[in-house]
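Below: model-v1.tsv (TSV, C-alpha atoms)
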chain	number	residue	atom	x	y	z
A	242	LYS	CA	42.96	59.12	73.32
A	243	ALA	CA	43.07	62.35	75.41
A	244	LYS	CA	46.48	61.41	76.77
A	245	GLY	CA	47.81	60.84	73.26
A	246	LEU	CA	46.52	64.19	72.04
A	247	ALA	CA	47.85	66.01	75.10
A	248	ALA	CA	51.30	64.56	74.54
A	249	CYS	CA	51.08	65.57	70.90
A	250	ASN	CA	49.96	69.14	71.68
A	251	SER	CA	52.90	69.58	74.03
A	252	GLN	CA	55.23	69.32	71.05
A	253	THR	CA	55.97	72.01	68.52
A	254	ALA	CA	54.09	70.23	65.72
A	255	SER	CA	50.84	71.78	64.49
A	256	PRO	CA	47.61	70.44	66.07
A	257	PHE	CA	46.33	69.34	62.67
A	258	GLY	CA	49.54	67.41	61.98
A	259	CYS	CA	49.27	65.77	65.38
A	260	LEU	CA	45.68	64.75	64.77
A	261	ASN	CA	46.60	63.26	61.41
A	262	ASN	CA	49.41	61.23	62.95
A	263	PHE	CA	47.23	60.13	65.85
A	264	TYR	CA	44.38	58.89	63.66
A	265	PHE	CA	46.80	57.38	61.17
A	266	LYS	CA	48.18	55.20	63.98
A	267	ILE	CA	44.66	54.16	64.98
A	268	LEU	CA	43.83	53.28	61.37
A	269	SER	CA	47.12	51.40	60.94
A	270	ASN	CA	46.48	49.35	64.09
A	271	PHE	CA	42.96	48.55	62.91
A	272	LEU	CA	44.09	47.49	59.45
A	273	GLY	CA	46.92	45.42	60.92
A	274	SER	CA	44.46	43.62	63.21
A	275	LEU	CA	42.17	43.00	60.24
A	276	GLN	CA	45.06	41.52	58.25
A	277	MET	CA	45.87	39.18	61.13
A	278	ARG	CA	42.28	37.93	61.35
A	279	ASN	CA	42.15	37.34	57.62
A	280	ALA	CA	45.45	35.42	57.73
A	281	GLU	CA	43.86	32.69	59.93
A	282	PHE	CA	47.14	31.91	61.69
A	283	GLY	CA	47.59	28.53	63.31
A	284	ILE	CA	48.98	30.40	66.33
A	285	PRO	CA	47.39	33.87	66.29
A	286	SER	CA	49.32	35.02	69.38
A	287	ALA	CA	52.75	34.30	67.86
A	288	VAL	CA	55.00	37.38	67.77
A	289	MET	CA	58.69	37.90	67.03
A	290	GLU	CA	59.28	39.33	70.50
A	291	GLU	CA	58.30	36.03	72.14
A	292	ILE	CA	60.49	33.65	70.11
A	293	GLU	CA	62.71	31.73	72.54
A	294	TYR	CA	66.38	31.53	71.59
A	295	HIS	CA	67.45	28.56	73.68
A	296	GLU	CA	71.02	27.52	72.95
A	297	ASP	CA	70.03	24.08	71.65
A	298	ARG	CA	67.65	25.63	69.09
A	299	LYS	CA	70.61	27.28	67.32
A	300	LEU	CA	68.44	30.06	65.94
A	301	ASP	CA	70.10	33.09	64.36
A	302	LYS	CA	68.28	35.97	66.04
A	303	ALA	CA	69.77	38.57	63.71
A	304	GLN	CA	68.55	36.62	60.67
A	305	LEU	CA	65.01	36.28	62.03
A	306	LEU	CA	64.87	39.99	62.86
A	307	ARG	CA	65.99	40.80	59.32
A	308	LEU	CA	63.20	38.60	57.98
A	309	ALA	CA	60.73	40.39	60.26
A	310	ALA	CA	61.52	43.57	58.31
A	311	CYS	CA	59.79	41.83	55.35
A	312	ASN	CA	62.35	42.72	52.68
A	313	TYR	CA	62.22	39.10	51.54
A	314	ILE	CA	58.54	39.59	50.74
A	315	ASP	CA	59.24	42.74	48.72
A	316	GLU	CA	61.93	40.80	46.83
A	317	GLY	CA	59.80	37.67	46.31
A	318	HIS	CA	61.98	35.23	48.24
A	319	HIS	CA	60.83	32.16	50.20
A	320	VAL	CA	61.66	30.84	53.67
A	321	VAL	CA	62.01	27.12	54.45
A	322	LEU	CA	61.76	26.25	58.15
A	323	GLU	CA	63.08	22.73	58.70
A	324	GLY	CA	63.01	20.71	61.90
A	325	ALA	CA	61.49	17.87	63.85
A	326	SER	CA	57.87	17.93	65.02
A	327	GLY	CA	57.44	20.11	68.09
A	328	ASN	CA	60.52	22.29	67.53
A	329	GLY	CA	58.49	25.46	67.04
A	330	LYS	CA	58.43	25.91	63.25
A	331	THR	CA	54.76	26.91	63.21
A	332	TYR	CA	55.28	29.53	65.91
A	333	ILE	CA	58.17	31.14	64.05
A	334	ALA	CA	56.24	31.09	60.76
A	335	CYS	CA	53.19	32.69	62.37
A	336	ALA	CA	55.39	35.29	64.11
A	337	LEU	CA	56.89	36.22	60.74
A	338	GLY	CA	53.38	36.36	59.33
A	339	ASN	CA	52.31	38.62	62.19
A	340	ALA	CA	55.24	40.92	61.42
A	341	ALA	CA	54.12	41.03	57.78
A	342	CYS	CA	50.57	41.95	58.81
A	343	ARG	CA	51.93	44.81	60.88
A	344	ARG	CA	53.51	46.10	57.69
A	345	MET	CA	50.19	45.82	55.89
A	346	LYS	CA	51.12	42.74	53.85
A	347	THR	CA	48.38	40.30	52.92
A	348	VAL	CA	49.07	36.91	54.53
A	349	ARG	CA	47.39	33.50	54.45
A	350	TYR	CA	48.25	30.56	56.72
A	351	ILE	CA	47.13	27.05	55.82
A	352	ARG	CA	48.14	23.49	56.63
A	353	MET	CA	49.07	21.45	53.58
A	354	PRO	CA	46.39	18.76	54.18
A	355	GLU	CA	43.79	21.54	54.24
A	356	LEU	CA	45.22	23.08	51.07
A	357	LEU	CA	45.01	19.77	49.24
A	358	ASP	CA	41.39	19.38	50.38
A	359	GLU	CA	40.62	22.90	49.15
A	360	LEU	CA	42.14	22.13	45.76
A	361	ASN	CA	40.19	18.87	45.43
A	362	ILE	CA	36.89	20.57	46.28
A	363	ALA	CA	37.62	23.48	43.94
A	364	ARG	CA	38.37	21.08	41.09
A	365	SER	CA	35.11	19.21	41.64
A	366	ASN	CA	32.91	22.33	41.73
A	367	GLY	CA	34.66	24.22	38.95
A	368	SER	CA	36.21	26.97	41.09
A	369	LEU	CA	39.85	25.86	40.79
A	370	LYS	CA	40.87	28.79	38.59
A	371	LYS	CA	39.37	31.25	41.08
A	372	LEU	CA	41.17	29.56	43.99
A	373	MET	CA	44.51	29.66	42.16
A	374	LYS	CA	44.05	33.40	41.58
A	375	ALA	CA	43.41	33.91	45.30
A	376	TYR	CA	46.61	32.09	46.24
A	377	LYS	CA	48.56	34.00	43.60
A	378	LYS	CA	47.33	37.34	44.94
A	379	VAL	CA	48.32	36.99	48.62
A	380	GLU	CA	51.70	38.55	49.36
A	381	LEU	CA	52.84	35.91	51.88
A	382	LEU	CA	51.59	32.33	51.98
A	383	ILE	CA	52.49	30.16	54.97
A	384	LEU	CA	52.33	26.45	54.15
A	385	ASP	CA	52.51	24.39	57.33
A	386	GLU	CA	53.10	20.62	57.41
A	387	TRP	CA	54.70	20.82	53.95
A	388	LEU	CA	54.94	17.32	52.41
A	389	THR	CA	53.87	15.65	55.64
A	390	ARG	CA	52.86	12.68	53.46
A	391	PRO	CA	53.68	11.53	49.90
A	392	LEU	CA	51.49	13.09	47.22
A	393	THR	CA	49.33	11.59	44.54
A	394	SER	CA	50.04	12.49	40.90
A	395	GLN	CA	47.13	14.94	40.84
A	396	GLU	CA	48.23	16.60	44.08
A	397	SER	CA	51.77	16.98	42.71
A	398	TYR	CA	50.40	18.72	39.63
A	399	ASP	CA	48.23	21.00	41.77
A	400	LEU	CA	51.23	21.99	43.89
A	401	PHE	CA	53.19	22.73	40.75
A	402	GLU	CA	50.41	25.13	39.72
A	403	ILE	CA	50.60	26.81	43.14
A	404	ALA	CA	54.40	27.07	42.91
A	405	GLU	CA	54.18	28.49	39.40
A	406	ALA	CA	51.47	30.98	40.36
A	407	ARG	CA	53.62	32.17	43.26
A	408	SER	CA	56.90	32.36	41.36
A	409	SER	CA	57.19	36.06	42.22
A	410	ARG	CA	55.43	35.86	45.61
A	411	SER	CA	56.85	34.75	48.95
A	412	THR	CA	55.97	31.51	50.72
A	413	ILE	CA	57.06	30.14	54.10
A	414	PHE	CA	57.32	26.34	54.14
A	415	CYS	CA	57.28	24.48	57.48
A	416	THR	CA	58.58	20.95	57.03
A	417	GLN	CA	60.14	18.03	58.84
A	418	TYR	CA	62.11	17.08	55.75
A	419	GLN	CA	65.25	18.54	54.24
A	420	PRO	CA	64.89	19.47	50.55
A	421	GLU	CA	66.78	16.36	49.41
A	422	GLY	CA	63.90	14.31	50.79
A	423	TRP	CA	61.22	16.27	48.96
A	424	TYR	CA	61.70	14.53	45.62
A	425	THR	CA	60.28	11.16	46.66
A	426	ARG	CA	57.42	12.79	48.56
A	427	ILE	CA	56.36	14.94	45.61
A	428	ASP	CA	56.62	11.99	43.20
A	429	PRO	CA	56.67	8.66	45.13
A	430	ASP	CA	56.93	6.65	41.89
A	431	SER	CA	60.66	6.63	41.20
A	432	GLU	CA	60.08	4.92	37.83
A	433	SER	CA	57.62	7.47	36.48
A	434	GLN	CA	60.43	9.70	35.16
A	435	SER	CA	58.09	12.65	35.72
A	436	PRO	CA	59.79	16.09	35.81
A	437	ILE	CA	57.23	17.41	38.33
A	438	SER	CA	59.50	17.07	41.39
A	439	GLU	CA	62.34	18.91	39.71
A	440	ALA	CA	59.96	21.60	38.42
A	441	ILE	CA	58.54	22.29	41.89
A	442	MET	CA	61.92	22.16	43.61
A	443	ASP	CA	63.46	24.51	41.04
A	444	ARG	CA	60.82	27.14	41.81
A	445	ILE	CA	61.39	26.98	45.56
A	446	ILE	CA	64.87	25.95	46.66
A	447	HIS	CA	66.97	28.31	44.54
A	448	ASN	CA	65.05	31.30	45.89
A	449	SER	CA	64.80	30.42	49.59
A	450	TYR	CA	66.31	31.16	52.97
A	451	GLU	CA	66.73	27.78	54.67
A	452	ILE	CA	66.49	27.81	58.47
A	453	MET	CA	67.04	24.70	60.56
A	454	VAL	CA	64.99	24.80	63.78
A	455	GLU	CA	66.77	22.42	66.12
A	456	GLY	CA	66.32	21.53	69.77
A	457	ARG	CA	67.18	18.68	72.10
A	458	VAL	CA	63.91	19.38	73.88
A	459	SER	CA	60.63	19.83	71.99
A	460	MET	CA	58.93	23.19	72.50
A	461	ARG	CA	55.75	21.27	73.28
A	462	GLU	CA	57.66	19.53	76.06
A	463	ARG	CA	59.02	22.85	77.30
A	464	LYS	CA	55.53	24.38	77.37
A	465	GLY	CA	53.51	21.28	78.25
A	466	LEU	CA	51.62	20.30	81.39
A	467	LYS	CA	54.45	18.24	82.85
A	468	ALA	CA	56.87	21.15	82.49
A	469	SER	CA	54.39	23.47	84.24
A	470	VAL	CA	53.89	21.01	87.10
A	471	LYS	CA	57.64	20.51	87.44
A	472	LYS	CA	58.23	24.27	87.49
A	473	GLY	CA	55.46	24.80	90.04
A	474	SER	CA	56.89	22.17	92.36
A	475	GLY	CA	60.30	23.87	92.31
A	476	GLU	CA	62.14	20.88	90.83
A	477	ASP	CA	65.36	21.48	88.89
Would you write out, as structure tokens, the structure that this file holds?
Amino acid sequence: KAKGLAACNSQTASPFGCLNNFYFKILSNFLGSLQMRNAEFGIPSAVMEEIEYHEDRKLDKAQLLRLAACNYIDEGHHVVLEGASGNGKTYIACALGNAACRRMKTVRYIRMPELLDELNIARSNGSLKKLMKAYKKVELLILDEWLTRPLTSQESYDLFEIAEARSSRSTIFCTQYQPEGWYTRIDPDSESQSPISEAIMDRIIHNSYEIMVEGRVSMRERKGLKASVKKGSGED
């Protein structure tokens, strides 16, 4: 603290202006940390600076840095992170969420199985409307494991309500499936002729940045125990 004030006083700015700036930074850091705790990230330590741009991942660094500026949140756009299990989608999503928290955006991370459980419980105890309002209010929602399994009819309807509630709010979807494969997972009954799949897709896909997270080697394999042992032994 003393060092910060000394550096400030050495400048031509007024002492009172310096103090305001100094305490504003402290308050901003505190509020940012509070936002991160409330977000309940799957990987709390994920930050944009630590994303690994290996050649086989084919990540567009410039695009990710633009997203980290959070303009897409201000404009109400979505982000769809597609890729195989272990390719680092969750890390990137949480890093983008972390960047949003630093800019004082409200963020919530949740795995889709947990979201579906929440919705089921809320319906049974009469708090569904309150839960929907909470998900509508948050500025950035991160939905991990999106459509990891086919949905029931009730779950499809619930997701439609979430998509509708967030029509002007941003969501990051982490999924193993390309959008063309979402239809049969939202509505597994191909003979039902239900418009629910199209209704959900229409509210997401036409307003999304799609990012394919590739990789010949899984990030879990790169960071796993065997990789650490191999690196420690000096093997190529």
Item to check | Which residue of A:Asn312, A:Thr416, A:Ser368, A:Asn279 approaches Arg344 of chain A most closely, using all atoms listed in the file | outcome: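 Ranked by minimum distance to Arg344 of chain A, first place goes to A:Asn312.
In this comparison, which uses all atoms listed in the file, the residue of A:Ile314, A:Leu357, A:Ala325, A:Ile446 approaching Met460 of chain A most closely is A:Ala325.
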Checklist entry - Which of these, A:Leu322, A:Ile362, A:Leu372, A:Ala341, has the shortest distance to Asp385 of chain A once you count all atoms listed in the file? => result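 Smallest distance to Asp385 of chain A is found for A:Leu322.
Atom CA of Pro391 of chain A lies 11.7 Å from atom CA of Tyr418 of chain A.
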Checklist entry - Got a sec: who's within 8 Å of Phe401 of chain A, counting only C-alpha atoms, leaving out chain neighbours fewer than 4 positions off, as a ChimeraX atom specification? => result /A:397,405,437,440-441
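Atom to atom, atom CA of Phe282 of chain A and atom CA of His447 of chain A stand 26.5 Å apart.
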Next on the checklist: For a test of reading the model, state the distance in Å between atom CA of Leu356 of chain A and atom CA of Glu281 of chain A, rounded to one decimal.
Outcome noted: 13.1 Å
Checklist entry - Of the residues A:His319, A:Cys335, A:Gly327, A:Gln304, which is the one nearest to Glu291 of chain A, using all atoms listed in the file? => result A:Cys335
Item to check | Pick from A:Ser408, A:Thr331, A:Ser435, A:Ser365, whichever lies nearest to Ser394 of chain A using only C-alpha atoms | outcome: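 The shortest atom-to-atom distance to Ser394 of chain A comes from A:Ser435.
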Item to check | Contacts of Pro354 of chain A at 9 Å (all atoms listed in the file; same-chain gap of 6+ positions) as a PyMOL selection string | outcome: chain A and resi 385-390
Checklist entry - If you count only C-alpha atoms, which residues fall within 10 Å of Gly329 of chain A, apart from same-chain ones fewer than 5 positions away, as a list in words? => result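 The contact residues come out as Ile292, Glu293, Arg298, Leu322, Glu323, Gly324, Ala334, Cys415, Val454, Glu455, Gly456, Ser459, Met460 and Arg461 of chain A.
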Enclose segment 331-345 of chain A, meaning all of its atoms listed in the file, in a box aligned along x, y and z, pad it by 4 Å on each side, and list the centre and edge lengths in Å to one decimal, as JSON.
{"center_x": 54.2, "center_y": 36.5, "center_z": 60.9, "size_x": 16.0, "size_y": 27.2, "size_z": 18.0}
Item to check | Nearby residues (all atoms listed in the file) at most 12 Å from Ile403 of chain A, same-chain spacing under 4 positions excluded, as number ranges by chain | outcome: A: 353, 356-357, 360, 369-370, 372-379, 382, 384, 396-399, 407-412, 440-441, 444-445
Those residues you just picked out, can you put them in a file as an mmCIF file, in the frame of the given file with C-alpha atoms?
data_model
loop_
_atom_site.group_PDB
_atom_site.id
_atom_site.type_symbol
_atom_site.label_atom_id
_atom_site.label_comp_id
_atom_site.auth_asym_id
_atom_site.auth_seq_id
_atom_site.Cartn_x
_atom_site.Cartn_y
_atom_site.Cartn_z
ATOM 1 C CA MET A 353 49.070 21.450 53.580
ATOM 2 C CA LEU A 356 45.220 23.080 51.070
ATOM 3 C CA LEU A 357 45.010 19.770 49.240
ATOM 4 C CA LEU A 360 42.140 22.130 45.760
ATOM 5 C CA LEU A 369 39.850 25.860 40.790
ATOM 6 C CA LYS A 370 40.870 28.790 38.590
ATOM 7 C CA LEU A 372 41.170 29.560 43.990
ATOM 8 C CA MET A 373 44.510 29.660 42.160
ATOM 9 C CA LYS A 374 44.050 33.400 41.580
ATOM 10 C CA ALA A 375 43.410 33.910 45.300
ATOM 11 C CA TYR A 376 46.610 32.090 46.240
ATOM 12 C CA LYS A 377 48.560 34.000 43.600
ATOM 13 C CA LYS A 378 47.330 37.340 44.940
ATOM 14 C CA VAL A 379 48.320 36.990 48.620
ATOM 15 C CA LEU A 382 51.590 32.330 51.980
ATOM 16 C CA LEU A 384 52.330 26.450 54.150
ATOM 17 C CA GLU A 396 48.230 16.600 44.080
ATOM 18 C CA SER A 397 51.770 16.980 42.710
ATOM 19 C CA TYR A 398 50.400 18.720 39.630
ATOM 20 C CA ASP A 399 48.230 21.000 41.770
ATOM 21 C CA ARG A 407 53.620 32.170 43.260
ATOM 22 C CA SER A 408 56.900 32.360 41.360
ATOM 23 C CA SER A 409 57.190 36.060 42.220
ATOM 24 C CA ARG A 410 55.430 35.860 45.610
ATOM 25 C CA SER A 411 56.850 34.750 48.950
ATOM 26 C CA THR A 412 55.970 31.510 50.720
ATOM 27 C CA ALA A 440 59.960 21.600 38.420
ATOM 28 C CA ILE A 441 58.540 22.290 41.890
ATOM 29 C CA ARG A 444 60.820 27.140 41.810
ATOM 30 C CA ILE A 445 61.390 26.980 45.560
#
